[in-house]
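K.L.:
Please find coords.tsv (TSV, C-alpha atoms and all ligand atoms) on the next line:
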chain	number	residue	atom	x	y	z
A	3	MET	CA	8.36	-12.17	17.70
A	4	PHE	CA	5.36	-9.96	16.95
A	5	ASP	CA	3.05	-8.48	19.56
A	6	THR	CA	-0.69	-8.78	20.06
A	7	LEU	CA	-3.64	-6.45	19.56
A	8	ASP	CA	-4.18	-6.59	23.34
A	9	GLN	CA	-0.81	-4.91	23.80
A	10	VAL	CA	-1.77	-2.28	21.22
A	11	ILE	CA	-5.09	-1.61	22.99
A	12	ASP	CA	-3.25	-1.23	26.32
A	13	ARG	CA	-0.71	1.16	24.81
A	14	ILE	CA	-3.47	3.21	23.13
A	15	GLY	CA	-5.12	3.44	26.55
A	16	GLU	CA	-1.97	5.09	27.91
A	17	GLY	CA	-1.70	7.69	25.11
A	18	LYS	CA	-3.50	11.02	24.77
A	19	ARG	CA	-2.06	12.58	21.59
A	20	PHE	CA	-1.45	10.35	18.59
A	21	LEU	CA	0.39	10.66	15.30
A	22	VAL	CA	-0.55	8.06	12.67
A	23	ILE	CA	1.85	7.74	9.73
A	24	GLY	CA	1.44	5.86	6.44
A	25	HIS	CA	3.81	5.04	3.59
A	26	ILE	CA	4.88	7.06	0.55
A	27	ARG	CA	3.38	6.38	-2.89
A	28	PRO	CA	0.06	5.97	-1.05
A	29	ASP	CA	-2.33	3.20	-2.08
A	30	GLY	CA	-5.90	2.67	-0.91
A	31	ASP	CA	-4.95	0.54	2.10
A	32	ASP	CA	-2.45	3.15	3.24
A	33	ILE	CA	-4.94	6.03	3.02
A	34	SER	CA	-7.66	3.87	4.58
A	35	SER	CA	-5.50	2.72	7.49
A	36	VAL	CA	-4.22	6.21	8.37
A	37	ALA	CA	-7.59	7.97	8.04
A	38	SER	CA	-9.61	5.23	9.77
A	39	LEU	CA	-7.23	4.96	12.69
A	40	VAL	CA	-7.30	8.73	13.19
A	41	MET	CA	-11.12	8.62	13.07
A	42	ILE	CA	-11.19	5.75	15.60
A	43	LEU	CA	-8.78	7.47	17.99
A	44	ARG	CA	-10.74	10.75	17.82
A	45	LYS	CA	-13.99	8.87	18.42
A	46	ALA	CA	-12.34	7.23	21.43
A	47	GLY	CA	-11.71	10.72	22.86
A	48	LYS	CA	-8.05	11.05	21.88
A	49	THR	CA	-6.30	13.80	19.97
A	50	ALA	CA	-5.01	12.37	16.69
A	51	GLU	CA	-3.42	13.52	13.43
A	52	GLY	CA	-2.59	11.52	10.30
A	53	CYS	CA	0.40	11.98	8.00
A	54	ILE	CA	1.48	10.70	4.59
A	55	ALA	CA	4.58	12.30	3.09
A	56	ASP	CA	3.13	12.86	-0.34
A	57	ALA	CA	1.74	16.35	-0.63
A	58	GLY	CA	-0.64	16.96	-3.46
A	59	SER	CA	-1.30	13.38	-4.57
A	60	PRO	CA	-4.69	13.69	-6.33
A	61	PHE	CA	-5.42	10.05	-5.48
A	62	LEU	CA	-4.92	10.77	-1.78
A	63	GLU	CA	-6.98	13.94	-1.92
A	64	ARG	CA	-9.84	12.18	-3.70
A	65	LEU	CA	-10.01	9.28	-1.26
A	66	ASP	CA	-9.40	11.25	1.94
A	67	ARG	CA	-12.76	12.93	1.45
A	68	ASN	CA	-12.78	14.59	4.86
A	69	GLY	CA	-9.22	15.93	4.57
A	70	ILE	CA	-7.89	14.01	7.57
A	71	ILE	CA	-4.40	13.25	6.25
A	72	LYS	CA	-1.80	16.01	6.40
A	73	ASP	CA	1.62	16.53	4.89
A	74	VAL	CA	4.81	16.52	7.00
A	75	ASP	CA	5.15	20.33	6.98
A	76	ALA	CA	1.74	20.80	8.58
A	77	LEU	CA	2.73	18.59	11.53
A	78	HIS	CA	6.20	19.80	12.54
A	79	ASP	CA	4.76	21.63	15.55
A	80	TYR	CA	2.31	18.90	16.55
A	81	ALA	CA	3.23	17.46	19.96
A	82	TYR	CA	2.29	13.80	20.36
A	83	ASP	CA	2.96	11.05	22.90
A	84	THR	CA	2.26	8.03	20.69
A	85	ALA	CA	3.42	7.47	17.11
A	86	ILE	CA	1.83	4.67	15.07
A	87	THR	CA	2.90	3.61	11.58
A	88	VAL	CA	0.47	1.67	9.38
A	89	ASP	CA	0.97	-0.44	6.24
A	90	ALA	CA	4.72	0.38	6.20
A	91	SER	CA	7.08	-2.60	6.14
A	92	GLU	CA	10.13	-0.62	7.20
A	93	LEU	CA	10.99	2.87	8.37
A	94	VAL	CA	12.21	4.13	4.95
A	95	ARG	CA	8.72	3.52	3.58
A	96	ILE	CA	7.35	6.52	5.52
A	97	GLY	CA	9.71	8.84	3.62
A	98	ASP	CA	10.12	12.36	5.04
A	99	ALA	CA	7.52	11.66	7.73
A	100	ALA	CA	10.45	10.06	9.60
A	101	GLU	CA	11.47	13.64	10.50
A	102	LEU	CA	8.48	13.77	12.83
A	103	LEU	CA	9.85	10.81	14.81
A	104	GLU	CA	13.11	12.66	15.50
A	105	GLY	CA	15.14	9.47	15.56
A	106	ARG	CA	12.83	7.53	17.90
A	107	PRO	CA	11.21	4.25	16.80
A	108	PRO	CA	7.41	4.36	16.38
A	109	ASP	CA	5.55	3.30	19.56
A	110	ILE	CA	3.29	0.98	17.55
A	111	THR	CA	3.53	-0.46	14.04
A	112	LEU	CA	0.56	-2.15	12.33
A	113	ASP	CA	1.25	-3.98	9.09
A	114	HIS	CA	0.69	-7.07	6.95
A	115	HIS	CA	3.85	-7.25	4.79
A	116	LYS	CA	5.72	-10.52	4.72
A	117	SER	CA	9.06	-8.69	4.58
A	118	ASN	CA	8.42	-6.65	7.77
A	119	LEU	CA	10.86	-7.44	10.59
A	120	GLY	CA	9.28	-5.07	13.15
A	121	PHE	CA	10.79	-1.62	13.66
A	122	GLY	CA	8.62	-0.18	16.44
A	123	LYS	CA	8.30	-0.75	20.18
A	124	ILE	CA	5.06	-2.74	19.80
A	125	ASN	CA	4.76	-4.47	16.42
A	126	VAL	CA	1.70	-6.17	15.00
A	127	CYS	CA	2.42	-7.60	11.56
A	128	ASP	CA	0.55	-10.56	10.13
A	129	PRO	CA	0.56	-11.41	6.40
A	130	ALA	CA	-2.62	-13.45	6.97
A	131	TYR	CA	-4.49	-10.13	6.88
A	132	ALA	CA	-5.31	-9.16	3.28
A	133	ALA	CA	-5.10	-5.47	4.26
A	134	THR	CA	-3.70	-3.41	7.13
A	135	ALA	CA	-7.17	-1.84	7.27
A	136	MET	CA	-8.41	-5.19	8.64
A	137	ILE	CA	-6.09	-4.83	11.64
A	138	VAL	CA	-7.39	-1.27	12.10
A	139	TYR	CA	-10.94	-2.67	11.80
A	140	GLU	CA	-10.25	-5.04	14.69
A	141	LEU	CA	-8.94	-2.18	16.83
A	142	GLY	CA	-11.95	-0.07	15.87
A	143	GLU	CA	-14.33	-2.85	16.77
A	144	ARG	CA	-12.87	-2.95	20.27
A	145	LEU	CA	-12.67	0.81	20.83
A	146	VAL	CA	-15.67	2.55	19.20
A	147	ASP	CA	-18.97	2.15	17.36
A	148	PHE	CA	-18.69	2.19	13.59
A	149	ASP	CA	-20.47	4.93	11.64
A	150	PRO	CA	-20.98	5.17	7.85
A	151	ASP	CA	-17.94	7.43	7.27
A	152	LEU	CA	-15.60	5.21	9.27
A	153	ALA	CA	-17.06	2.04	7.75
A	154	GLU	CA	-16.49	3.33	4.21
A	155	MET	CA	-12.95	4.43	5.01
A	156	LEU	CA	-12.15	0.95	6.40
A	157	LEU	CA	-13.75	-0.79	3.42
A	158	LEU	CA	-11.56	1.23	1.04
A	159	GLY	CA	-8.41	-0.55	2.30
A	160	ILE	CA	-9.95	-4.02	2.20
A	161	ALA	CA	-11.31	-3.44	-1.31
A	162	THR	CA	-8.14	-2.01	-2.82
A	163	ASP	CA	-5.58	-4.41	-1.29
A	164	THR	CA	-7.62	-7.39	-2.48
A	165	GLY	CA	-7.88	-5.96	-6.01
A	166	PHE	CA	-11.58	-5.44	-5.34
A	167	PHE	CA	-12.06	-8.94	-3.93
A	168	ARG	CA	-10.19	-10.72	-6.74
A	169	TYR	CA	-6.82	-11.84	-5.32
A	170	ALA	CA	-5.84	-15.10	-3.66
A	171	SER	CA	-5.62	-13.19	-0.36
A	172	VAL	CA	-9.43	-13.02	-0.28
A	173	ASP	CA	-10.60	-15.29	2.53
A	174	GLU	CA	-13.78	-15.64	4.55
A	175	ARG	CA	-12.68	-12.93	6.96
A	176	VAL	CA	-12.39	-10.39	4.11
A	177	PHE	CA	-16.02	-10.95	3.17
A	178	ALA	CA	-17.17	-11.03	6.80
A	179	TYR	CA	-15.54	-7.67	7.58
A	180	ALA	CA	-16.71	-6.17	4.28
A	181	ALA	CA	-20.26	-7.35	4.95
A	182	ARG	CA	-20.26	-5.77	8.41
A	183	LEU	CA	-18.90	-2.49	6.98
A	184	VAL	CA	-21.59	-2.38	4.29
A	185	ARG	CA	-24.15	-3.03	7.02
A	186	GLU	CA	-22.70	-0.06	8.93
A	187	GLY	CA	-23.29	2.19	5.92
A	188	ALA	CA	-20.22	1.91	3.65
A	189	ASN	CA	-21.03	2.52	-0.01
A	190	MET	CA	-19.04	0.13	-2.22
A	191	GLY	CA	-20.08	1.89	-5.44
A	192	ARG	CA	-18.56	5.16	-4.28
A	193	ILE	CA	-15.24	3.44	-3.50
A	194	THR	CA	-15.18	1.68	-6.87
A	195	GLU	CA	-15.92	4.91	-8.68
A	196	ALA	CA	-13.28	6.91	-6.81
A	197	VAL	CA	-10.55	4.30	-7.34
A	198	LEU	CA	-11.27	2.57	-10.64
A	199	GLU	CA	-13.26	5.03	-12.66
A	200	HIS	CA	-11.08	8.09	-12.49
A	201	ARG	CA	-8.67	7.42	-15.34
A	202	THR	CA	-7.85	10.49	-17.37
A	203	LEU	CA	-7.32	10.57	-21.11
A	204	ASN	CA	-3.64	11.26	-20.39
A	205	GLU	CA	-3.36	8.10	-18.28
A	206	ILE	CA	-4.81	6.09	-21.14
A	207	ARG	CA	-2.28	7.73	-23.50
A	208	LEU	CA	0.51	6.73	-21.10
A	209	THR	CA	-0.85	3.17	-20.99
A	210	THR	CA	-0.70	3.03	-24.80
A	211	ALA	CA	2.91	4.25	-24.79
A	212	MET	CA	3.78	1.72	-22.06
A	213	LEU	CA	2.27	-1.15	-24.08
A	214	ASP	CA	4.78	-0.41	-26.86
A	215	THR	CA	7.54	-1.42	-24.41
A	216	LEU	CA	5.89	-4.67	-23.35
A	217	ARG	CA	8.04	-7.81	-23.59
A	218	LEU	CA	7.10	-11.39	-22.79
A	219	SER	CA	9.78	-13.93	-21.84
A	220	ALA	CA	10.17	-17.15	-19.83
A	221	ASP	CA	7.72	-18.96	-22.12
A	222	GLY	CA	5.19	-16.15	-21.78
A	223	ARG	CA	5.23	-16.33	-17.97
A	224	LEU	CA	7.07	-13.03	-17.48
A	225	ALA	CA	5.75	-9.67	-18.70
A	226	THR	CA	7.97	-6.60	-18.38
A	227	ALA	CA	7.35	-3.03	-19.47
A	228	TYR	CA	8.56	0.44	-18.57
A	229	VAL	CA	7.75	4.13	-18.64
A	230	THR	CA	10.51	6.74	-18.70
A	231	ALA	CA	10.20	10.18	-17.10
A	232	GLU	CA	10.01	11.55	-20.65
A	233	MET	CA	7.09	9.25	-21.52
A	234	ILE	CA	5.22	10.27	-18.35
A	235	GLU	CA	5.73	13.95	-19.07
A	236	GLY	CA	4.98	13.51	-22.78
A	237	ALA	CA	1.59	12.01	-21.95
A	238	GLY	CA	0.84	14.93	-19.65
A	239	CYS	CA	0.97	12.66	-16.58
A	240	THR	CA	2.72	12.72	-13.20
A	241	ASP	CA	4.25	9.88	-11.17
A	242	ASP	CA	0.89	9.62	-9.39
A	243	ASP	CA	-0.71	8.40	-12.64
A	244	THR	CA	1.48	5.31	-12.98
A	245	SER	CA	0.09	2.98	-10.30
A	246	GLY	CA	-2.51	1.37	-12.58
A	247	LEU	CA	-0.02	0.34	-15.27
A	248	ILE	CA	1.12	-2.88	-13.62
A	249	GLY	CA	-2.43	-4.27	-13.55
A	250	GLU	CA	-2.62	-3.95	-17.34
A	251	ILE	CA	0.24	-6.34	-17.95
A	252	ARG	CA	-0.55	-8.64	-15.02
A	253	SER	CA	-3.87	-9.45	-16.67
A	254	ILE	CA	-2.28	-11.09	-19.74
A	255	ALA	CA	-3.17	-14.77	-20.12
A	256	GLY	CA	-0.33	-17.10	-19.14
A	257	VAL	CA	1.67	-14.39	-17.36
A	258	GLU	CA	2.74	-15.45	-13.87
A	259	VAL	CA	5.01	-12.50	-13.05
A	260	ALA	CA	4.54	-8.91	-14.22
A	261	ILE	CA	7.15	-6.22	-13.67
A	262	MET	CA	6.76	-2.50	-14.36
A	263	PHE	CA	9.72	-0.12	-14.29
A	264	ILE	CA	8.78	3.49	-13.60
A	265	GLU	CA	11.37	6.24	-13.94
A	266	SER	CA	10.52	9.23	-11.77
A	267	SER	CA	11.15	12.84	-12.67
A	268	GLU	CA	14.01	12.90	-10.12
A	269	GLY	CA	15.74	10.03	-11.93
A	270	SER	CA	15.05	7.22	-9.43
A	271	VAL	CA	13.36	4.07	-10.71
A	272	HIS	CA	10.44	2.38	-8.97
A	273	VAL	CA	9.92	-1.28	-9.75
A	274	SER	CA	6.47	-2.83	-9.24
A	275	LEU	CA	6.23	-6.62	-9.18
A	276	ARG	CA	3.10	-8.78	-9.26
A	277	SER	CA	2.48	-12.52	-9.51
A	278	LYS	CA	-0.60	-14.67	-9.81
A	279	GLN	CA	-0.15	-18.09	-8.21
A	280	THR	CA	3.35	-19.41	-7.75
A	281	VAL	CA	6.31	-17.05	-7.65
A	282	ASP	CA	7.00	-15.09	-4.44
A	283	VAL	CA	7.85	-11.66	-5.86
A	284	SER	CA	8.74	-10.24	-2.42
A	285	GLU	CA	11.86	-12.46	-2.61
A	286	ILE	CA	12.82	-10.80	-5.89
A	287	ALA	CA	12.17	-7.29	-4.49
A	288	LEU	CA	14.23	-8.09	-1.39
A	289	GLN	CA	17.29	-8.71	-3.57
A	290	PHE	CA	17.00	-5.07	-4.66
A	291	ASN	CA	16.44	-3.71	-1.12
A	292	GLY	CA	12.67	-3.60	-1.52
A	293	GLY	CA	9.95	-5.81	-0.10
A	294	GLY	CA	6.24	-6.45	0.03
A	295	HIS	CA	3.94	-9.43	-0.28
A	296	ALA	CA	4.23	-12.73	-2.14
A	297	ARG	CA	1.86	-11.47	-4.86
A	298	ALA	CA	2.68	-7.73	-4.86
A	299	ALA	CA	6.07	-6.25	-4.10
A	300	GLY	CA	8.24	-3.33	-5.05
A	301	CYS	CA	11.61	-1.69	-4.79
A	302	SER	CA	12.98	1.75	-5.54
A	303	CYS	CA	16.47	2.42	-6.83
A	304	ALA	CA	17.82	5.95	-6.52
A	305	GLY	CA	19.85	7.10	-9.48
A	306	GLY	CA	19.76	3.62	-11.04
A	307	LYS	CA	20.10	3.44	-14.82
A	308	LEU	CA	16.78	2.16	-16.14
A	309	GLY	CA	18.30	-0.17	-18.76
A	310	ASN	CA	20.76	-1.86	-16.39
A	311	LEU	CA	18.20	-2.25	-13.65
A	312	MET	CA	15.72	-3.80	-16.09
A	313	LYS	CA	18.30	-6.35	-17.18
A	314	GLU	CA	19.19	-7.26	-13.60
A	315	VAL	CA	15.64	-7.53	-12.25
A	316	THR	CA	14.44	-9.39	-15.35
A	317	ALA	CA	17.26	-11.94	-15.00
A	318	VAL	CA	16.43	-12.56	-11.32
A	319	ALA	CA	12.73	-12.94	-12.17
A	320	GLN	CA	13.45	-15.35	-15.03
A	321	ASN	CA	15.52	-17.49	-12.66
A	322	ALA	CA	12.75	-17.43	-10.05
A	323	ILE	CA	10.18	-18.47	-12.66
A	324	GLY	CA	12.53	-21.16	-13.95
A	325	ALA	CA	13.02	-22.52	-10.43
A	326	ALA	CA	9.31	-22.38	-9.54
A	327	PHE	CA	8.16	-24.17	-12.68
A	328	ALA	CA	11.04	-26.66	-12.80
A	329	THR	CA	10.12	-27.94	-9.34
A	330	ARG	CA	6.48	-28.25	-10.36
A	331	SER	CA	6.85	-30.22	-13.58
A	401	LIG	P1	3.71	-1.04	-5.64
A	401	LIG	O1	4.26	-1.88	-6.72
A	401	LIG	O2	4.42	0.24	-5.46
A	401	LIG	O3	2.24	-0.90	-5.74
A	401	LIG	O4	4.01	-1.85	-4.31
A	401	LIG	C1	3.58	-3.17	-4.14
A	401	LIG	C2	3.87	-3.63	-2.74
A	401	LIG	O5	5.28	-3.65	-2.53
A	401	LIG	C3	3.27	-2.74	-1.71
A	401	LIG	O6	2.58	-3.54	-0.78
A	401	LIG	C4	4.42	-2.03	-1.08
A	401	LIG	O7	4.24	-1.93	0.29
A	401	LIG	C5	5.65	-2.86	-1.41
A	401	LIG	N1	6.73	-1.97	-1.82
A	401	LIG	C6	6.72	-1.12	-2.86
A	401	LIG	N2	7.89	-0.44	-2.95
A	401	LIG	C7	8.66	-0.85	-1.94
A	401	LIG	C8	9.95	-0.51	-1.47
A	401	LIG	N3	10.72	0.41	-2.08
A	401	LIG	N4	10.42	-1.15	-0.38
A	401	LIG	C9	9.67	-2.07	0.24
A	401	LIG	N5	8.43	-2.44	-0.13
A	401	LIG	C10	7.91	-1.84	-1.21
A	402	MN	MN	0.22	-0.18	0.94
A	403	MN	MN	-1.52	-2.96	2.53
Can you present the structure in this file as structure tokens?
Ligand code: AMP
Ligand code: MN
Ligand code: MN

P.N.:
Amino acid sequence: MFDTLDQVIDRIGEGKRFLVIGHIRPDGDDISSVASLVMILRKAGKTAEGCIADAGSPFLERLDRNGIIKDVDALHDYAYDTAITVDASELVRIGDAAELLEGRPPDITLDHHKSNLGFGKINVCDPAYAATAMIVYELGERLVDFDPDLAEMLLLGIATDTGFFRYASVDERVFAYAARLVREGANMGRITEAVLEHRTLNEIRLTTAMLDTLRLSADGRLATAYVTAEMIEGAGCTDDDTSGLIGEIRSIAGVEVAIMFIESSEGSVHVSLRSKQTVDVSEIALQFNGGGHARAAGCSCAGGKLGNLMKEVTAVAQNAIGAAFATRS
């Protein structure tokens, strides 16, 4: 059902002007995949622009050190012949950047989400890759020489989507690609500092407030917690400061599934789901029109009441945990 990198290379050969689009609520793999692919295409002599529909995300600005990624508004007049989405499991994940496609499917999609059904003309999606940046790496390897800037941008995606080489998705290939990128000049310490060591006092205050909402259930295997828009504002934070919260509750001993409910200032609720070994949380997210990976998934509910949604998602997760552990014992 999915296509091959050979087909992608052929299609890139036909294009001259490229638009590379990532997903909203950008994470490290998203930023890495967009920026690296733009760098690779430019190095290969093409014209290329990158877009993530999330203007003013401090995380994005910090990691896109060379200012490669632009907002939708800056690209309305950009004429391209090839659109590529990266790290997006479905079209809605690119948010307002869809305007730039003007109703056409992307020419190429590159992704690693289990829930992706393929929404472009040429689709490469393989959950065996720990990060979309690894697919971009393989394209880069075939098209250009790596340099220190490109190597570090590629390593960012591999490092962040593997939880800095901690998750079960870490295989030999992850280390092999990371080793090559370090050899090409990537600085792992700079990535770690930019991603992990930039917490503000306000974020820590929000974490404290969040911990007051923490509940364990399903014999300690399920951890749930939430932050309301009021809590986020009260701590002096923005929605951008909430992505680290889920990791705090995932790390609790005995917890298999962690779920964080985040109410945005516009009233929608984002649900982040994580698991450690057994439960496929993408299946839970799918039931609420979301998606993702077996160990990290999410869904967003516009205008959903936080309390009701928490009850519903928690019940589905408790059933999933019950089923997973009943079959094991
Ligand atoms: P997050 O919890 O936002 O960090 O997302 C975890 C994973 O779930 C990521 O790999 C996302 O691509 C995926 N994901 C998050 N939100 C959604 C959504 N609304 N629809 C589909 N997939 C999502
Ligand atoms: Mn991502
Ligand atoms: Mn990813």

K.L.:
Can you work out which one of A:Ile160, A:Ala231, A:Ala180, A:Ala76 has the shortest atom-to-atom distance to Asp29 in chain A, counting all atoms listed in the file?

P.N.:
A:Ile160

K.L.:
For chain A versus ligand LIG 401 (chain A), which residues have an atom no more than 9 Å away, and what is each residue's nearest atom pair and distance in Å rounded to one decimal, using only C-alpha atoms and all ligand atoms, chain-then-number order, as a tab-separated table?

P.N.:
residue	atom	partner	partner_atom	distance
A:His25	CA	A:LIG401	O7	7.7
A:Ile26	CA	A:LIG401	N2	8.8
A:Arg27	CA	A:LIG401	O2	6.7
A:Pro28	CA	A:LIG401	O2	8.4
A:Asp29	CA	A:LIG401	O3	7.1
A:Asp32	CA	A:LIG401	O7	8.9
A:Asp89	CA	A:LIG401	O7	7.0
A:Ala90	CA	A:LIG401	O7	6.4
A:Ser91	CA	A:LIG401	N5	6.4
A:Glu92	CA	A:LIG401	C9	7.1
A:Val94	CA	A:LIG401	N4	7.7
A:Arg95	CA	A:LIG401	N4	6.4
A:His114	CA	A:LIG401	O6	8.7
A:His115	CA	A:LIG401	O6	6.8
A:Ser117	CA	A:LIG401	N5	7.9
A:Asn118	CA	A:LIG401	C9	8.9
A:Asp163	CA	A:LIG401	O6	8.2
A:Ser245	CA	A:LIG401	O3	6.4
A:Gly246	CA	A:LIG401	O3	8.6
A:Ile248	CA	A:LIG401	O1	7.6
A:Ile261	CA	A:LIG401	O1	8.7
A:Met262	CA	A:LIG401	O1	8.1
A:His272	CA	A:LIG401	N2	7.1
A:Val273	CA	A:LIG401	O1	6.4
A:Ser274	CA	A:LIG401	O1	3.5
A:Leu275	CA	A:LIG401	O1	5.7
A:Arg276	CA	A:LIG401	O1	7.4
A:Ser284	CA	A:LIG401	O5	7.4
A:Ala287	CA	A:LIG401	C9	7.5
A:Leu288	CA	A:LIG401	C9	7.7
A:Phe290	CA	A:LIG401	N3	8.7
A:Asn291	CA	A:LIG401	N4	6.6
A:Gly292	CA	A:LIG401	N4	3.5
A:Gly293	CA	A:LIG401	N5	3.7
A:Gly294	CA	A:LIG401	C5	3.9
A:His295	CA	A:LIG401	O6	6.1
A:Arg297	CA	A:LIG401	C2	8.4
A:Ala298	CA	A:LIG401	C1	4.7
A:Ala299	CA	A:LIG401	O5	3.1
A:Gly300	CA	A:LIG401	C6	3.5
A:Cys301	CA	A:LIG401	N3	3.5
A:Ser302	CA	A:LIG401	N3	4.3
A:Cys303	CA	A:LIG401	N3	7.7

K.L.:
Leaving out Ile124 in chain A and any residue of its chain fewer than 6 positions from it, which residues lie within 8 Å of it when counting only C-alpha atoms, given as a PyMOL selection string?

P.N.:
chain A and resi 4-5+9-10+109-111

K.L.:
Compare A:Gly120, A:Gly187, A:Gly324, A:Gly52 by their minimum atom-to-atom distance to Pro150 in chain A, counting all atoms listed in the file, and give me the closest one.

P.N.:
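Going through A:Gly120, A:Gly187, A:Gly324, A:Gly52 one by one, the smallest distance to Pro150 in chain A is for A:Gly187.
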
K.L.:
Do a neighbour search on Ala99 in chain A at 7 Å with only C-alpha atoms, toss out local chain neighbours closer than 2 positions, and write the hits as a PyMOL selection string.

P.N.:
chain A and resi 54-55+74+96-97+101-102

K.L.:
Could you jot down the CA of Arg19 in chain A to CA of Ala81 in chain A separation for me, Å, one decimal place?

P.N.:
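Straight-line distance from CA of Arg19 in chain A to CA of Ala81 in chain A works out to 7.4 Å.
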
K.L.:
Return the single residue from A:Ala161, A:Leu103, A:Thr84, A:Lys48 that is closest to Ala196 in chain A, with distances computed using all atoms listed in the file.

P.N.:
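Distance minimum relative to Ala196 in chain A lands on A:Ala161.
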
K.L.:
Can you measure CA of Ala130 in chain A to CA of Ala319 in chain A for me? One decimal in Å is fine.

P.N.:
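These atoms are spaced 24.5 Å apart.
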
K.L.:
To one decimal place in Å, what is the distance between CA of Cys239 in chain A and CA of Asp73 in chain A?

P.N.:
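Interatomic distance here is 21.8 Å.
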
K.L.:
Rank nothing, just name the residue among A:Asp98, A:Asp242, A:Glu265, A:Asp128 nearest to Met212 in chain A, using only C-alpha atoms.

P.N.:
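Residue with the minimum atom-to-atom distance to Met212 in chain A: A:Glu265.
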
K.L.:
For Met190 in chain A, please output as a ChimeraX atom specification all residues within 12 Å (counting only C-alpha atoms; exclusion window: fewer than 6 positions along the same chain).

P.N.:
/A:150,153-162,166-167,180-181,183-184,196-198

K.L.:
Should you be able to, write range 98-111 of chain A of this structure into a file that contains N, CA and C atoms, as a short mmCIF file (atom, residue, chain, number, x, y, z; two decimals), in the first residue's frame.

P.N.:
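As a result, part.cif now contains:
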data_model
loop_
_atom_site.label_atom_id
_atom_site.label_comp_id
_atom_site.auth_asym_id
_atom_site.auth_seq_id
_atom_site.Cartn_x
_atom_site.Cartn_y
_atom_site.Cartn_z
N ASP A 98 -3.66 24.99 9.57
CA ASP A 98 -3.93 26.01 8.55
C ASP A 98 -2.99 25.94 7.36
N ALA A 99 -1.89 25.19 7.48
CA ALA A 99 -0.99 25.05 6.33
C ALA A 99 -1.70 24.36 5.16
N ALA A 100 -2.83 23.70 5.44
CA ALA A 100 -3.62 23.06 4.38
C ALA A 100 -4.07 24.10 3.34
N GLU A 101 -4.22 25.36 3.78
CA GLU A 101 -4.60 26.43 2.83
C GLU A 101 -3.64 26.50 1.66
N LEU A 102 -2.36 26.24 1.93
CA LEU A 102 -1.34 26.35 0.89
C LEU A 102 -1.49 25.26 -0.17
N LEU A 103 -2.18 24.18 0.18
CA LEU A 103 -2.38 23.07 -0.77
C LEU A 103 -3.58 23.33 -1.69
N GLU A 104 -4.40 24.28 -1.32
CA GLU A 104 -5.57 24.67 -2.13
C GLU A 104 -6.39 23.47 -2.59
N GLY A 105 -6.62 22.55 -1.68
CA GLY A 105 -7.50 21.42 -1.97
C GLY A 105 -6.83 20.22 -2.65
N ARG A 106 -5.56 20.39 -3.04
CA ARG A 106 -4.87 19.26 -3.69
C ARG A 106 -4.20 18.39 -2.63
N PRO A 107 -4.07 17.07 -2.87
CA PRO A 107 -3.32 16.25 -1.92
C PRO A 107 -1.83 16.58 -2.03
N PRO A 108 -1.06 16.38 -0.95
CA PRO A 108 0.39 16.57 -1.06
C PRO A 108 0.97 15.62 -2.11
N ASP A 109 2.04 16.02 -2.79
CA ASP A 109 2.67 15.14 -3.79
C ASP A 109 3.37 13.98 -3.11
N ILE A 110 3.96 14.26 -1.93
CA ILE A 110 4.71 13.23 -1.19
C ILE A 110 4.36 13.37 0.29
N THR A 111 4.14 12.26 0.97
CA THR A 111 4.05 12.31 2.44
C THR A 111 5.11 11.36 3.01
#
